[in-house]
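> Hey, dropping query-v5.txt in here, compact mmCIF, C-alpha atoms:
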```txt
# COMPACT_ATOMS: atom_id res chain seq x y z
CA MET A 48 102.36 125.20 130.89
CA LYS A 49 105.49 127.09 129.99
CA ILE A 50 105.22 130.51 128.42
CA ARG A 51 107.87 132.57 126.65
CA ILE A 52 107.19 136.11 125.57
CA ARG A 53 109.59 137.85 123.23
CA GLY A 54 108.61 141.00 121.38
CA ASN A 55 105.33 140.39 119.58
CA SER A 56 105.41 136.63 120.06
CA ILE A 57 104.12 134.25 122.70
CA ARG A 58 105.20 130.60 122.82
CA TYR A 59 103.19 128.13 124.89
CA ARG A 60 104.60 124.69 125.71
CA LEU A 61 102.14 122.16 127.13
CA ASP A 62 103.09 118.95 128.91
CA LYS A 63 101.00 115.76 129.13
CA LYS A 64 98.95 117.01 132.11
CA ASP A 65 98.18 120.29 130.33
CA ILE A 66 97.03 118.46 127.22
CA GLU A 67 94.86 116.09 129.26
CA ALA A 68 93.20 119.12 130.91
CA LEU A 69 92.69 120.73 127.51
CA LYS A 70 91.06 117.55 126.20
CA ALA A 71 88.89 116.96 129.30
CA ASP A 72 87.89 120.52 130.17
CA GLY A 73 88.32 122.35 126.86
CA LYS A 74 90.86 124.65 128.50
CA VAL A 75 94.16 124.74 130.34
CA GLU A 76 95.19 127.51 132.71
CA GLU A 77 98.32 128.69 134.53
CA SER A 78 98.80 131.49 137.06
CA THR A 79 101.86 133.12 138.55
CA SER A 80 101.73 135.20 141.73
CA ILE A 81 103.54 138.51 141.48
CA GLY A 82 103.44 140.58 144.66
CA ASP A 83 99.78 140.85 145.62
CA GLY A 84 98.53 140.09 142.10
CA ASN A 85 98.36 137.19 139.65
CA LEU A 86 99.34 136.86 136.02
CA HIS A 87 96.93 134.40 134.41
CA PHE A 88 97.16 132.53 131.09
CA CYS A 89 94.41 130.40 129.55
CA ILE A 90 94.16 128.41 126.32
CA LYS A 91 90.67 127.31 125.26
CA ALA A 92 89.32 125.00 122.59
CA LYS A 93 86.29 126.89 121.34
CA GLY A 94 83.50 125.17 119.42
CA GLY A 95 81.94 127.08 116.54
CA SER A 96 85.08 129.17 116.09
CA ASN A 97 87.01 129.19 112.83
CA ALA A 98 89.95 131.43 113.77
CA PRO A 99 92.29 131.95 116.72
CA PHE A 100 91.49 134.80 119.09
CA ILE A 101 93.40 136.41 121.94
CA LYS A 102 92.25 138.90 124.54
CA LEU A 103 94.08 140.74 127.32
CA GLU A 104 91.84 141.41 130.32
CA GLY A 105 93.62 143.08 133.21
CA SER A 106 96.36 140.64 134.16
CA ALA A 107 94.88 137.72 132.20
CA ILE A 108 95.61 136.55 128.67
CA HIS A 109 92.87 134.40 127.12
CA LEU A 110 93.77 132.54 123.93
CA SER A 111 91.28 130.44 122.00
CA PHE A 112 91.60 128.20 118.96
CA PRO A 113 88.94 126.32 117.02
CA LYS A 114 88.02 123.13 118.89
CA GLU A 115 88.61 120.97 115.80
CA GLN A 116 92.16 122.34 115.40
CA VAL A 117 92.97 121.66 119.07
CA GLU A 118 91.51 118.13 118.91
CA GLN A 119 93.51 117.31 115.79
CA TRP A 120 96.69 118.45 117.53
CA THR A 121 96.10 116.75 120.90
CA ASP A 122 95.15 113.44 119.28
CA SER A 123 98.16 113.22 116.96
CA GLU A 124 101.94 113.20 116.90
CA GLN A 125 101.89 116.78 115.57
CA VAL A 126 104.36 118.82 117.66
CA GLY A 127 102.60 122.17 117.48
CA PHE A 128 100.73 124.79 115.57
CA SER A 129 100.99 128.52 115.10
CA ALA A 130 98.93 131.57 114.30
CA GLU A 131 99.39 135.22 113.52
CA ILE A 132 96.78 137.48 115.07
CA PRO A 133 96.48 141.14 114.01
CA ASN A 134 96.67 143.77 116.77
CA ALA A 135 94.61 146.97 116.86
CA ASP A 136 97.74 149.04 116.09
CA GLY A 137 98.38 147.18 112.82
CA SER A 138 101.17 144.98 114.19
CA VAL A 139 100.91 141.19 114.35
CA LEU A 140 101.13 138.90 117.37
CA SER A 141 102.76 135.55 116.59
CA ILE A 142 101.51 132.59 118.63
CA LEU A 143 103.14 129.16 118.85
CA VAL A 144 101.61 126.28 120.83
CA GLU A 145 103.70 123.12 121.15
CA LYS A 146 104.04 119.93 123.11
CA ASP A 147 106.73 120.21 125.78
CA PHE A 148 109.56 117.71 125.34
CA LYS A 149 111.95 116.44 127.99
CA CYS A 150 115.27 118.24 128.00
CA LEU A 151 118.26 116.39 126.58
CA THR A 152 120.59 117.83 129.22
CA GLU A 153 120.23 117.53 132.98
CA ARG A 154 118.39 120.48 134.56
CA SER A 155 116.86 121.20 137.93
CA GLU A 156 113.44 121.60 136.29
CA ASP A 157 110.88 118.80 136.74
CA ASP A 158 109.94 117.54 133.29
CA SER A 159 108.39 114.24 134.37
CA ASN A 160 105.13 115.11 132.56
CA ALA A 161 106.90 116.23 129.39
CA PHE A 162 106.75 114.20 126.21
CA ASP A 163 109.69 112.00 125.30
CA ASN A 164 112.11 114.02 123.21
CA PRO A 165 112.25 112.66 119.65
CA ALA A 166 115.93 113.68 119.46
CA SER A 167 116.90 111.31 122.29
CA SER A 168 118.28 107.90 121.49
CA CYS A 169 116.40 104.78 122.62
```
Before anything else, please render the file you have as structure tokens.

Amino acid sequence: MKIRIRGNSIRYRLDKKDIEALKADGKVEESTSIGDGNLHFCIKAKGGSNAPFIKLEGSAIHLSFPKEQVEQWTDSEQVGFSAEIPNADGSVLSILVEKDFKCLTERSEDDSNAFDNPASSC
């Protein structure tokens, strides 16, 4: 899982392994060690839910979407989906969840589990 935070927006990019975990377990998680702590991210497919929900607990961010919405996305060619979630202070948090595509230029990053980039030529 790749995560980009900019202002009041969070962008999640999931590769094939992440999506398989989401389908099999109903969630996908990623942690990053920082000093003696961990920053933890989790996306869940939640049954019985009809709206996205996000919660910050300590150093963990838990994001959930309706199970039906996640299943529709993981089982299709749909690239991603988004949501806007109101914050307690009246601002809005923009969320984007997308499939991670292979880069078109050579990079040192391992993208072997990324989806084939539709912009690449066959």
> Skip Phe100 (chain A) itself and residues of its chain fewer than 5 positions away, then list as a short mmCIF file (atom, residue, chain, number, x, y, z; two decimals) with C-alpha atoms, in the frame of the given file all residues within 12 Å of it, counting only C-alpha atoms.

```
data_model
loop_
_atom_site.label_atom_id
_atom_site.label_comp_id
_atom_site.auth_asym_id
_atom_site.auth_seq_id
_atom_site.Cartn_x
_atom_site.Cartn_y
_atom_site.Cartn_z
CA CYS A 89 94.41 130.40 129.55
CA ILE A 90 94.16 128.41 126.32
CA LYS A 91 90.67 127.31 125.26
CA ALA A 92 89.32 125.00 122.59
CA LYS A 93 86.29 126.89 121.34
CA ILE A 108 95.61 136.55 128.67
CA HIS A 109 92.87 134.40 127.12
CA LEU A 110 93.77 132.54 123.93
CA SER A 111 91.28 130.44 122.00
CA PHE A 112 91.60 128.20 118.96
CA PRO A 113 88.94 126.32 117.02
CA ALA A 130 98.93 131.57 114.30
CA GLU A 131 99.39 135.22 113.52
CA ILE A 132 96.78 137.48 115.07
CA PRO A 133 96.48 141.14 114.01
CA ASN A 134 96.67 143.77 116.77
CA LEU A 140 101.13 138.90 117.37
CA SER A 141 102.76 135.55 116.59
CA ILE A 142 101.51 132.59 118.63
#
```
> Set the distance at 12 Å and use all atoms listed in the file: which residues neighbour Val117 (chain A) once local chain neighbours fewer than 2 positions away are removed? I'd like the list as an mmCIF file with C-alpha atoms, in the frame of the given file.

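Output below, filename selection.cif:
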```cif
data_model
loop_
_atom_site.group_PDB
_atom_site.id
_atom_site.type_symbol
_atom_site.label_atom_id
_atom_site.label_comp_id
_atom_site.auth_asym_id
_atom_site.auth_seq_id
_atom_site.Cartn_x
_atom_site.Cartn_y
_atom_site.Cartn_z
ATOM 1 C CA ILE A 66 97.030 118.460 127.220
ATOM 2 C CA GLU A 67 94.860 116.090 129.260
ATOM 3 C CA LEU A 69 92.690 120.730 127.510
ATOM 4 C CA LYS A 70 91.060 117.550 126.200
ATOM 5 C CA ALA A 71 88.890 116.960 129.300
ATOM 6 C CA GLY A 73 88.320 122.350 126.860
ATOM 7 C CA LYS A 74 90.860 124.650 128.500
ATOM 8 C CA VAL A 75 94.160 124.740 130.340
ATOM 9 C CA ILE A 90 94.160 128.410 126.320
ATOM 10 C CA LYS A 91 90.670 127.310 125.260
ATOM 11 C CA ALA A 92 89.320 125.000 122.590
ATOM 12 C CA LYS A 93 86.290 126.890 121.340
ATOM 13 C CA GLY A 94 83.500 125.170 119.420
ATOM 14 C CA SER A 96 85.080 129.170 116.090
ATOM 15 C CA ASN A 97 87.010 129.190 112.830
ATOM 16 C CA ALA A 98 89.950 131.430 113.770
ATOM 17 C CA PRO A 99 92.290 131.950 116.720
ATOM 18 C CA LEU A 110 93.770 132.540 123.930
ATOM 19 C CA SER A 111 91.280 130.440 122.000
ATOM 20 C CA PHE A 112 91.600 128.200 118.960
ATOM 21 C CA PRO A 113 88.940 126.320 117.020
ATOM 22 C CA LYS A 114 88.020 123.130 118.890
ATOM 23 C CA GLU A 115 88.610 120.970 115.800
ATOM 24 C CA GLN A 119 93.510 117.310 115.790
ATOM 25 C CA TRP A 120 96.690 118.450 117.530
ATOM 26 C CA THR A 121 96.100 116.750 120.900
ATOM 27 C CA ASP A 122 95.150 113.440 119.280
ATOM 28 C CA SER A 123 98.160 113.220 116.960
ATOM 29 C CA GLN A 125 101.890 116.780 115.570
ATOM 30 C CA VAL A 126 104.360 118.820 117.660
ATOM 31 C CA GLY A 127 102.600 122.170 117.480
ATOM 32 C CA PHE A 128 100.730 124.790 115.570
ATOM 33 C CA SER A 129 100.990 128.520 115.100
ATOM 34 C CA VAL A 144 101.610 126.280 120.830
ATOM 35 C CA GLU A 145 103.700 123.120 121.150
ATOM 36 C CA LYS A 146 104.040 119.930 123.110
#
```
> Would you mind telling me which residue in A:Gln116, A:Ser138, A:Ser80, A:Asn55 lies nearest to Gly95 (chain A) when using only C-alpha atoms?
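Closest residue, counting only C-alpha atoms: A:Gln116.
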> From the set A:Ile57, A:Ala107, A:Leu143, A:Met48, which residue has the shortest atom-to-atom contact distance to Leu86 (chain A), counting only C-alpha atoms?
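Once distances to Leu86 (chain A) are computed over only C-alpha atoms, the minimum belongs to A:Ala107.
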